[in-house]
Structure formats: C-alpha cells, structure tokens
Amino acid sequence: MNSPLFTGQNLIVLKETRSTNAHALDLLKRERPTEGTGIFAYHQIEGKGQHNTSWESDTGKNILVSIIYYPSFLPAIRHFLLNMSVSLAVKDFFDLHIPERVRIKWPNDLYYEERKLGGILIQNSIVSGRFRSSVIGLGLNINQEQFPLYLPNPISLSIVTQQQHNLQQLLDQLFGCLEARYLRLKKMDSDRIKEEYEQFLYKKDEEVRCIPAYEREQTGKILGVEEDGHLRMQIGDNIRYFGFKEIAFPL
C-alpha cells in the first residue's frame with residue numbers, strides 16, 4: 001500500500017473535542033484547509049453516528065478522525081458514490097488485519113460477523129448541485145475491550161486479533177486506503193464502485209428481519225443498492241426501495 005500524498009499530511013491532533021466532525025465543520029466556516037486535512041481526537045464528548053445516534057469510545061483506545069475533502073468533480077445527485085468509496089476504503093483498511101472478514105452494513109457501518117467494528121458519518125456542503133466540501137467522520141473500534149452494556153453488538157480489532165495495535169501506524173494505513181479510493185472515485189468508475197460495494201454488502205441475498213417505516217416487522221431479502229443510496233429489497237413478491245430512515249433492522 002502506497003503512503004498517502006495528501007490525506008492526513010496536515011493532521012490536527014486534539015486531546016478532547018466535542019466531535020471531530022464538528023471541529024472540521026467549524027474549521028471550514030473560517031478557512032479552506034488543504035485537501036486531506038485530518039482531525040484526530042483521543043476523546044469525543046459528543047461523538048455522533050448516523051441518524052444522530054451517539055458514538056461511545058474509551059479515551060485513547062480507538063480511531064476517532066475526520067478528513068476534509070473537496071469532491072467538486074462529483075455531482076451532488078451522485079453523493080452515494082462517495083459513501084460507497086469511503087465504506088470500501090475502511091473495509092480495505094480492516095482487510096490489512098483481518099482479511100476478507102469484514103462486511104459493509106448499509107449504508108456505511110463496518111461489521112465483523114454479527115458485530116459492529118466501526119461507523120462512518122459523512123457531512124457534505126453542496127452549492128448549486130455540486131460539492132463544496134465533504135467531512136468524512138470515522139469512528140473505528142481498535143484497542144477497546146470493554147464496552148457499555150447498552151451498546152448491542154460492538155467489537156474491536158484488538159478483540160478479533162487478540163492483540164493491541166499502534167494507533168499512529170493504523171492511522172497512516174487508514175489515510176492510505178482512503179486516498180486510494182478517493183483517487184479512484186475521481187475516475188468516476190461508478191459501475192465498479194457499486195459492484196464492489198454490493199459484493200461486500202452485509203447480509204446480501206439473505207433473508208433478514210426488517211421493519212419498513214409505519215409497517216409491522218417482516219422478513220425480506222437484501223438485493224443490493226441503487227446509485228442514489230436506496231436499499232433494494234425483495235419483500236414478499238415485491239421489489240422495494242428504502243432510504244436511510246425508511247427501514248430498520250432489529251438485532
């Protein structure tokens with residue numbers, strides 16, 4: 001794996017922050033940091049995941065980082081290509097340590113078997129149908145071995161590998177994986193990106209319990225994703241499509 005040319009080269013390291021994404025967004029309000037600027041924190045007070053869920057992490061044990069990109073080449077209508085590329089990059093990173101064992105749970109969580117290794121929160125600024133900036137927030141469980149009981153299914157890299165890891169070395173690997181996927185995204189090989197994302201989609205072609213919005217719990221088969229990010233499922237005799245907040249999957 002090649003060392004990154006720009007991702008993480010300007011790295012802001014914080015002992016504690018409200019959240020790395022919030023810090024990045026505040027930075028973007030004041031200036032235009034160089035592309036690939038990273039914000040790493042040892043502890044987050046208000047870490048967030050998708051749909052305003054909280055993100056819990058022991059101080060200094062995990063990777064809590066946000067990266068600033070300027071994907072102006074990407075039309076806003078194709079924003080999910082960025083989500084897919086980042087998800088694949090994080091899978092690439094985990095594959096360096098636990099090859100072929102990690103899957104992407106739609107839209108962008110990382111799972112080892114039935115347990116969550118990490119999550120992604122992407123916050124975009126879009127003007128006139130084009131990206132102005134994108135903040136890629138990552139919370140990856142690395143060295144934490146004890147988790148709060150109210151978290152349903154967490155796991156960490158150290159639990160899987162039975163060893164502790166050097167966060168700085170892993171951060172450099174992560175930046176390399178992110179940059180490689182970002183540069184591939186610039187080539188706009190959208191069919192290949194979508195194909196890979198679906199290849200590693202958690203529970204693809206399996207029957208799963210699901211609760212579509214305003215409906216009862218039922219079972220359906222995950223078929224894939226659309227380029228706009230909608231999940232494609234077969235429920236009964238029908239093919240249906242769901243946005244991020246339109247379906248839930250009970251554990």
# chains A, B, ... in the order shown; residues from 1 in each chain; ligands from 1
$ residues_around --residues "A:Ile45" --least-positions-apart "5" --cutoff "8 Å" --atoms "only C-alpha atoms" --output "list in words"
Glu16, Thr17, Arg18 and Ser19 of chain A
$ write_last_selection --atoms "C-alpha atoms" --output "tab-separated table (two decimals), in the first residue's frame"
chain	number	residue	atom	x	y	z
A	16	GLU	CA	-10.53	16.18	23.54
A	17	THR	CA	-13.21	17.73	21.35
A	18	ARG	CA	-16.97	17.85	21.04
A	19	SER	CA	-16.63	15.76	17.89
$ residues_around --residues "A:Ala41" --least-positions-apart "4" --cutoff "7 Å" --atoms "only C-alpha atoms" --output "number ranges by chain"
A: 13-17, 20, 64-65
$ residues_around --residues "A:Gly129" --least-positions-apart "3" --cutoff "8 Å" --atoms "only C-alpha atoms" --output "JSON, numbers by chain"
{"A": [75, 76, 77, 126]}
$ closest_atom_pairs --of "stretch 18-93 of chain A" --to "stretch 187-196 of chain A" --cutoff "8 Å" --atoms "only C-alpha atoms" --output "JSON lines"
{"residue": "A:Leu81", "atom": "CA", "partner": "A:Ser190", "partner_atom": "CA", "distance": 6.9}
{"residue": "A:Met84", "atom": "CA", "partner": "A:Ile193", "partner_atom": "CA", "distance": 6.9}
{"residue": "A:Ser85", "atom": "CA", "partner": "A:Ile193", "partner_atom": "CA", "distance": 6.7}
{"residue": "A:Leu88", "atom": "CA", "partner": "A:Glu196", "partner_atom": "CA", "distance": 7.7}
$ closest_atom_pairs --of "stretch 14-110 of chain A" --to "stretch 142-148 of chain A" --cutoff "8 Å" --atoms "only C-alpha atoms" --output "CSV"
residue,atom,partner,partner_atom,distance
A:Ser57,CA,A:Gln144,CA,7.7
A:Asp58,CA,A:Gln144,CA,6.6
A:Lys61,CA,A:Asn143,CA,4.9
A:Asn62,CA,A:Ile142,CA,4.8
A:Ile63,CA,A:Ile142,CA,6.7
$ write_last_selection --atoms "N, CA and C atoms" --output "tab-separated table (two decimals), in the first residue's frame"
chain	number	residue	atom	x	y	z
A	57	SER	N	-16.72	5.83	23.08
A	57	SER	CA	-15.35	5.39	22.87
A	57	SER	C	-14.51	5.70	24.10
A	58	ASP	N	-13.72	4.74	24.55
A	58	ASP	CA	-12.77	4.99	25.64
A	58	ASP	C	-11.65	5.90	25.15
A	61	LYS	N	-8.20	4.89	22.92
A	61	LYS	CA	-8.22	3.48	22.53
A	61	LYS	C	-8.56	3.25	21.06
A	62	ASN	N	-9.21	4.22	20.44
A	62	ASN	CA	-9.78	3.98	19.12
A	62	ASN	C	-9.40	5.07	18.13
A	63	ILE	N	-9.76	4.87	16.88
A	63	ILE	CA	-9.55	5.89	15.85
A	63	ILE	C	-10.81	6.73	15.74
$ residues_around --residues "A:Asp109" --least-positions-apart "4" --cutoff "10 Å" --atoms "only C-alpha atoms" --output "PyMOL selection string"
chain A and resi 49-50+87+90-91+103-105+116-121+138-140+202
$ select_by_dssp --residues "stretch 13-248 of chain A" --states "strand (DSSP E)" --output "ChimeraX atom specification"
/A:13-14,38-41,63-69,102-105,109-112,115-127,130-140,207-212,218-225,231-235,238-242,247-248
$ select_by_dssp --residues "stretch 1-189 of chain A" --states "alpha helix (DSSP H)" --output "PyMOL selection string"
chain A and resi 20-30+80-95+157-161+167-186
$ residues_around --residues "A:Ile136" --least-positions-apart "2" --cutoff "6 Å" --atoms "only C-alpha atoms" --output "tab-separated table (two decimals) with N, CA and C atoms, in the first residue's frame"
chain	number	residue	atom	x	y	z
A	66	SER	N	-11.66	12.76	11.46
A	66	SER	CA	-12.42	13.31	10.33
A	66	SER	C	-11.44	13.84	9.30
A	67	ILE	N	-11.79	13.66	8.04
A	67	ILE	CA	-10.94	14.10	6.92
A	67	ILE	C	-11.75	15.04	6.04
A	122	ILE	N	-20.73	11.04	7.16
A	122	ILE	CA	-20.28	11.98	6.14
A	122	ILE	C	-21.22	13.18	6.12
$ residues_around --residues "A:Tyr214" --least-positions-apart "2" --cutoff "10 Å" --atoms "only C-alpha atoms" --output "list in words"
Ile211, Pro212, Arg216, Glu217, Glu246 and Ile247 of chain A
$ write_last_selection --atoms "N, CA, C and O atoms" --output "PDB file, in the first residue's frame"
ATOM      1  N   ILE A 211     -38.152  -3.788   9.500  1.00  0.00           N
ATOM      2  CA  ILE A 211     -39.358  -3.025   9.829  1.00  0.00           C
ATOM      3  C   ILE A 211     -39.397  -1.797   8.931  1.00  0.00           C
ATOM      4  O   ILE A 211     -38.777  -0.773   9.234  1.00  0.00           O
ATOM      5  N   PRO A 212     -40.097  -1.876   7.794  1.00  0.00           N
ATOM      6  CA  PRO A 212     -40.278  -0.675   6.988  1.00  0.00           C
ATOM      7  C   PRO A 212     -41.049   0.378   7.777  1.00  0.00           C
ATOM      8  O   PRO A 212     -41.867   0.045   8.651  1.00  0.00           O
ATOM      9  N   ARG A 216     -45.433  -3.251  10.061  1.00  0.00           N
ATOM     10  CA  ARG A 216     -45.077  -4.278  11.041  1.00  0.00           C
ATOM     11  C   ARG A 216     -43.741  -4.912  10.672  1.00  0.00           C
ATOM     12  O   ARG A 216     -43.270  -4.787   9.544  1.00  0.00           O
ATOM     13  N   GLU A 217     -43.157  -5.620  11.641  1.00  0.00           N
ATOM     14  CA  GLU A 217     -41.934  -6.361  11.342  1.00  0.00           C
ATOM     15  C   GLU A 217     -42.242  -7.503  10.379  1.00  0.00           C
ATOM     16  O   GLU A 217     -43.278  -8.166  10.487  1.00  0.00           O
ATOM     17  N   GLU A 246     -35.957   4.926   6.275  1.00  0.00           N
ATOM     18  CA  GLU A 246     -37.243   4.323   5.898  1.00  0.00           C
ATOM     19  C   GLU A 246     -37.356   2.860   6.248  1.00  0.00           C
ATOM     20  O   GLU A 246     -38.404   2.246   5.999  1.00  0.00           O
ATOM     21  N   ILE A 247     -36.306   2.286   6.852  1.00  0.00           N
ATOM     22  CA  ILE A 247     -36.374   0.874   7.241  1.00  0.00           C
ATOM     23  C   ILE A 247     -35.390   0.638   8.380  1.00  0.00           C
ATOM     24  O   ILE A 247     -34.333   1.274   8.455  1.00  0.00           O
TER      25      ILE A 247
END
$ residues_around --residues "A:Arg130" --least-positions-apart "2" --cutoff "10 Å" --atoms "only C-alpha atoms" --output "PyMOL selection string"
chain A and resi 71-79+125-128+132-133
$ atom_distance --atom1 "atom CA of A:Tyr241" --atom2 "atom CA of A:Ala213"
11.8 Å
$ closest_residue --among "A:Phe131, A:Trp106, A:Gln168, A:Asn2" --to "A:Lys245" --atoms "only C-alpha atoms"
A:Trp106
$ decode --residues "stretch 144-172 of chain A" --atoms "N, CA, C and O atoms" --output "PDB file, in the first residue's frame"
ATOM      1  N   GLN A 144     -10.158  -0.927  22.224  1.00  0.00           N
ATOM      2  CA  GLN A 144     -11.108  -1.015  23.335  1.00  0.00           C
ATOM      3  C   GLN A 144     -11.577  -2.459  23.509  1.00  0.00           C
ATOM      4  O   GLN A 144     -11.929  -3.122  22.534  1.00  0.00           O
ATOM      5  N   GLU A 145     -11.606  -2.925  24.742  1.00  0.00           N
ATOM      6  CA  GLU A 145     -12.002  -4.315  25.002  1.00  0.00           C
ATOM      7  C   GLU A 145     -13.232  -4.425  25.886  1.00  0.00           C
ATOM      8  O   GLU A 145     -13.828  -5.495  25.989  1.00  0.00           O
ATOM      9  N   GLN A 146     -13.623  -3.326  26.538  1.00  0.00           N
ATOM     10  CA  GLN A 146     -14.836  -3.306  27.345  1.00  0.00           C
ATOM     11  C   GLN A 146     -15.753  -2.218  26.788  1.00  0.00           C
ATOM     12  O   GLN A 146     -15.315  -1.096  26.522  1.00  0.00           O
ATOM     13  N   PHE A 147     -17.024  -2.555  26.626  1.00  0.00           N
ATOM     14  CA  PHE A 147     -17.986  -1.605  26.079  1.00  0.00           C
ATOM     15  C   PHE A 147     -19.187  -1.488  27.020  1.00  0.00           C
ATOM     16  O   PHE A 147     -19.503  -2.442  27.738  1.00  0.00           O
ATOM     17  N   PRO A 148     -19.870  -0.337  27.014  1.00  0.00           N
ATOM     18  CA  PRO A 148     -21.076  -0.206  27.824  1.00  0.00           C
ATOM     19  C   PRO A 148     -22.098  -1.275  27.468  1.00  0.00           C
ATOM     20  O   PRO A 148     -22.246  -1.647  26.293  1.00  0.00           O
ATOM     21  N   LEU A 149     -22.812  -1.750  28.483  1.00  0.00           N
ATOM     22  CA  LEU A 149     -23.762  -2.838  28.270  1.00  0.00           C
ATOM     23  C   LEU A 149     -24.908  -2.442  27.347  1.00  0.00           C
ATOM     24  O   LEU A 149     -25.515  -3.301  26.707  1.00  0.00           O
ATOM     25  N   TYR A 150     -25.215  -1.143  27.294  1.00  0.00           N
ATOM     26  CA  TYR A 150     -26.356  -0.731  26.472  1.00  0.00           C
ATOM     27  C   TYR A 150     -26.025  -0.720  24.979  1.00  0.00           C
ATOM     28  O   TYR A 150     -26.923  -0.587  24.145  1.00  0.00           O
ATOM     29  N   LEU A 151     -24.734  -0.849  24.623  1.00  0.00           N
ATOM     30  CA  LEU A 151     -24.404  -0.984  23.203  1.00  0.00           C
ATOM     31  C   LEU A 151     -24.665  -2.426  22.793  1.00  0.00           C
ATOM     32  O   LEU A 151     -24.126  -3.348  23.399  1.00  0.00           O
ATOM     33  N   PRO A 152     -25.466  -2.648  21.756  1.00  0.00           N
ATOM     34  CA  PRO A 152     -25.961  -4.001  21.496  1.00  0.00           C
ATOM     35  C   PRO A 152     -24.939  -4.989  20.950  1.00  0.00           C
ATOM     36  O   PRO A 152     -24.989  -6.170  21.272  1.00  0.00           O
ATOM     37  N   ASN A 153     -23.998  -4.534  20.123  1.00  0.00           N
ATOM     38  CA  ASN A 153     -23.171  -5.538  19.431  1.00  0.00           C
ATOM     39  C   ASN A 153     -21.791  -5.043  19.026  1.00  0.00           C
ATOM     40  O   ASN A 153     -21.328  -5.322  17.920  1.00  0.00           O
ATOM     41  N   PRO A 154     -21.065  -4.314  19.897  1.00  0.00           N
ATOM     42  CA  PRO A 154     -19.761  -3.808  19.472  1.00  0.00           C
ATOM     43  C   PRO A 154     -18.667  -4.864  19.534  1.00  0.00           C
ATOM     44  O   PRO A 154     -18.762  -5.848  20.284  1.00  0.00           O
ATOM     45  N   ILE A 155     -17.635  -4.649  18.742  1.00  0.00           N
ATOM     46  CA  ILE A 155     -16.421  -5.465  18.801  1.00  0.00           C
ATOM     47  C   ILE A 155     -15.281  -4.563  18.335  1.00  0.00           C
ATOM     48  O   ILE A 155     -15.516  -3.531  17.691  1.00  0.00           O
ATOM     49  N   SER A 156     -14.055  -4.909  18.678  1.00  0.00           N
ATOM     50  CA  SER A 156     -12.901  -4.103  18.275  1.00  0.00           C
ATOM     51  C   SER A 156     -11.881  -4.971  17.561  1.00  0.00           C
ATOM     52  O   SER A 156     -11.906  -6.201  17.647  1.00  0.00           O
ATOM     53  N   LEU A 157     -10.960  -4.298  16.876  1.00  0.00           N
ATOM     54  CA  LEU A 157      -9.900  -5.012  16.179  1.00  0.00           C
ATOM     55  C   LEU A 157      -9.055  -5.827  17.159  1.00  0.00           C
ATOM     56  O   LEU A 157      -8.649  -6.952  16.858  1.00  0.00           O
ATOM     57  N   SER A 158      -8.795  -5.280  18.339  1.00  0.00           N
ATOM     58  CA  SER A 158      -7.973  -6.000  19.316  1.00  0.00           C
ATOM     59  C   SER A 158      -8.667  -7.262  19.819  1.00  0.00           C
ATOM     60  O   SER A 158      -8.014  -8.274  20.079  1.00  0.00           O
ATOM     61  N   ILE A 159      -9.996  -7.219  19.952  1.00  0.00           N
ATOM     62  CA  ILE A 159     -10.725  -8.426  20.375  1.00  0.00           C
ATOM     63  C   ILE A 159     -10.609  -9.501  19.294  1.00  0.00           C
ATOM     64  O   ILE A 159     -10.405 -10.684  19.593  1.00  0.00           O
ATOM     65  N   VAL A 160     -10.709  -9.095  18.036  1.00  0.00           N
ATOM     66  CA  VAL A 160     -10.643 -10.062  16.939  1.00  0.00           C
ATOM     67  C   VAL A 160      -9.237 -10.649  16.807  1.00  0.00           C
ATOM     68  O   VAL A 160      -9.072 -11.862  16.651  1.00  0.00           O
ATOM     69  N   THR A 161      -8.226  -9.793  16.885  1.00  0.00           N
ATOM     70  CA  THR A 161      -6.850 -10.241  16.617  1.00  0.00           C
ATOM     71  C   THR A 161      -6.119 -10.701  17.872  1.00  0.00           C
ATOM     72  O   THR A 161      -5.015 -11.243  17.772  1.00  0.00           O
ATOM     73  N   GLN A 162      -6.744 -10.421  19.045  1.00  0.00           N
ATOM     74  CA  GLN A 162      -6.110 -10.782  20.318  1.00  0.00           C
ATOM     75  C   GLN A 162      -4.769 -10.080  20.525  1.00  0.00           C
ATOM     76  O   GLN A 162      -3.827 -10.650  21.087  1.00  0.00           O
ATOM     77  N   GLN A 163      -4.693  -8.828  20.087  1.00  0.00           N
ATOM     78  CA  GLN A 163      -3.501  -8.032  20.338  1.00  0.00           C
ATOM     79  C   GLN A 163      -3.844  -6.556  20.273  1.00  0.00           C
ATOM     80  O   GLN A 163      -4.833  -6.161  19.665  1.00  0.00           O
ATOM     81  N   GLN A 164      -3.008  -5.742  20.929  1.00  0.00           N
ATOM     82  CA  GLN A 164      -3.162  -4.298  20.875  1.00  0.00           C
ATOM     83  C   GLN A 164      -2.443  -3.759  19.634  1.00  0.00           C
ATOM     84  O   GLN A 164      -1.490  -4.375  19.129  1.00  0.00           O
ATOM     85  N   HIS A 165      -2.885  -2.591  19.165  1.00  0.00           N
ATOM     86  CA  HIS A 165      -2.357  -2.038  17.925  1.00  0.00           C
ATOM     87  C   HIS A 165      -1.868  -0.614  18.139  1.00  0.00           C
ATOM     88  O   HIS A 165      -2.405   0.119  18.966  1.00  0.00           O
ATOM     89  N   ASN A 166      -0.871  -0.229  17.355  1.00  0.00           N
ATOM     90  CA  ASN A 166      -0.332   1.123  17.394  1.00  0.00           C
ATOM     91  C   ASN A 166      -1.251   2.045  16.587  1.00  0.00           C
ATOM     92  O   ASN A 166      -1.363   1.903  15.363  1.00  0.00           O
ATOM     93  N   LEU A 167      -1.892   2.983  17.261  1.00  0.00           N
ATOM     94  CA  LEU A 167      -2.880   3.831  16.599  1.00  0.00           C
ATOM     95  C   LEU A 167      -2.262   4.681  15.496  1.00  0.00           C
ATOM     96  O   LEU A 167      -2.888   4.890  14.455  1.00  0.00           O
ATOM     97  N   GLN A 168      -1.049   5.189  15.705  1.00  0.00           N
ATOM     98  CA  GLN A 168      -0.426   6.037  14.688  1.00  0.00           C
ATOM     99  C   GLN A 168      -0.159   5.252  13.413  1.00  0.00           C
ATOM    100  O   GLN A 168      -0.420   5.731  12.299  1.00  0.00           O
ATOM    101  N   GLN A 169       0.339   4.039  13.556  1.00  0.00           N
ATOM    102  CA  GLN A 169       0.586   3.210  12.375  1.00  0.00           C
ATOM    103  C   GLN A 169      -0.715   2.899  11.654  1.00  0.00           C
ATOM    104  O   GLN A 169      -0.782   2.952  10.417  1.00  0.00           O
ATOM    105  N   LEU A 170      -1.758   2.584  12.416  1.00  0.00           N
ATOM    106  CA  LEU A 170      -3.045   2.272  11.805  1.00  0.00           C
ATOM    107  C   LEU A 170      -3.653   3.497  11.139  1.00  0.00           C
ATOM    108  O   LEU A 170      -4.281   3.398  10.078  1.00  0.00           O
ATOM    109  N   LEU A 171      -3.454   4.656  11.738  1.00  0.00           N
ATOM    110  CA  LEU A 171      -3.984   5.884  11.154  1.00  0.00           C
ATOM    111  C   LEU A 171      -3.338   6.143   9.797  1.00  0.00           C
ATOM    112  O   LEU A 171      -4.015   6.514   8.831  1.00  0.00           O
ATOM    113  N   ASP A 172      -2.031   5.931   9.703  1.00  0.00           N
ATOM    114  CA  ASP A 172      -1.344   6.102   8.418  1.00  0.00           C
ATOM    115  C   ASP A 172      -1.886   5.115   7.375  1.00  0.00           C
ATOM    116  O   ASP A 172      -2.073   5.474   6.200  1.00  0.00           O
TER     117      ASP A 172
END
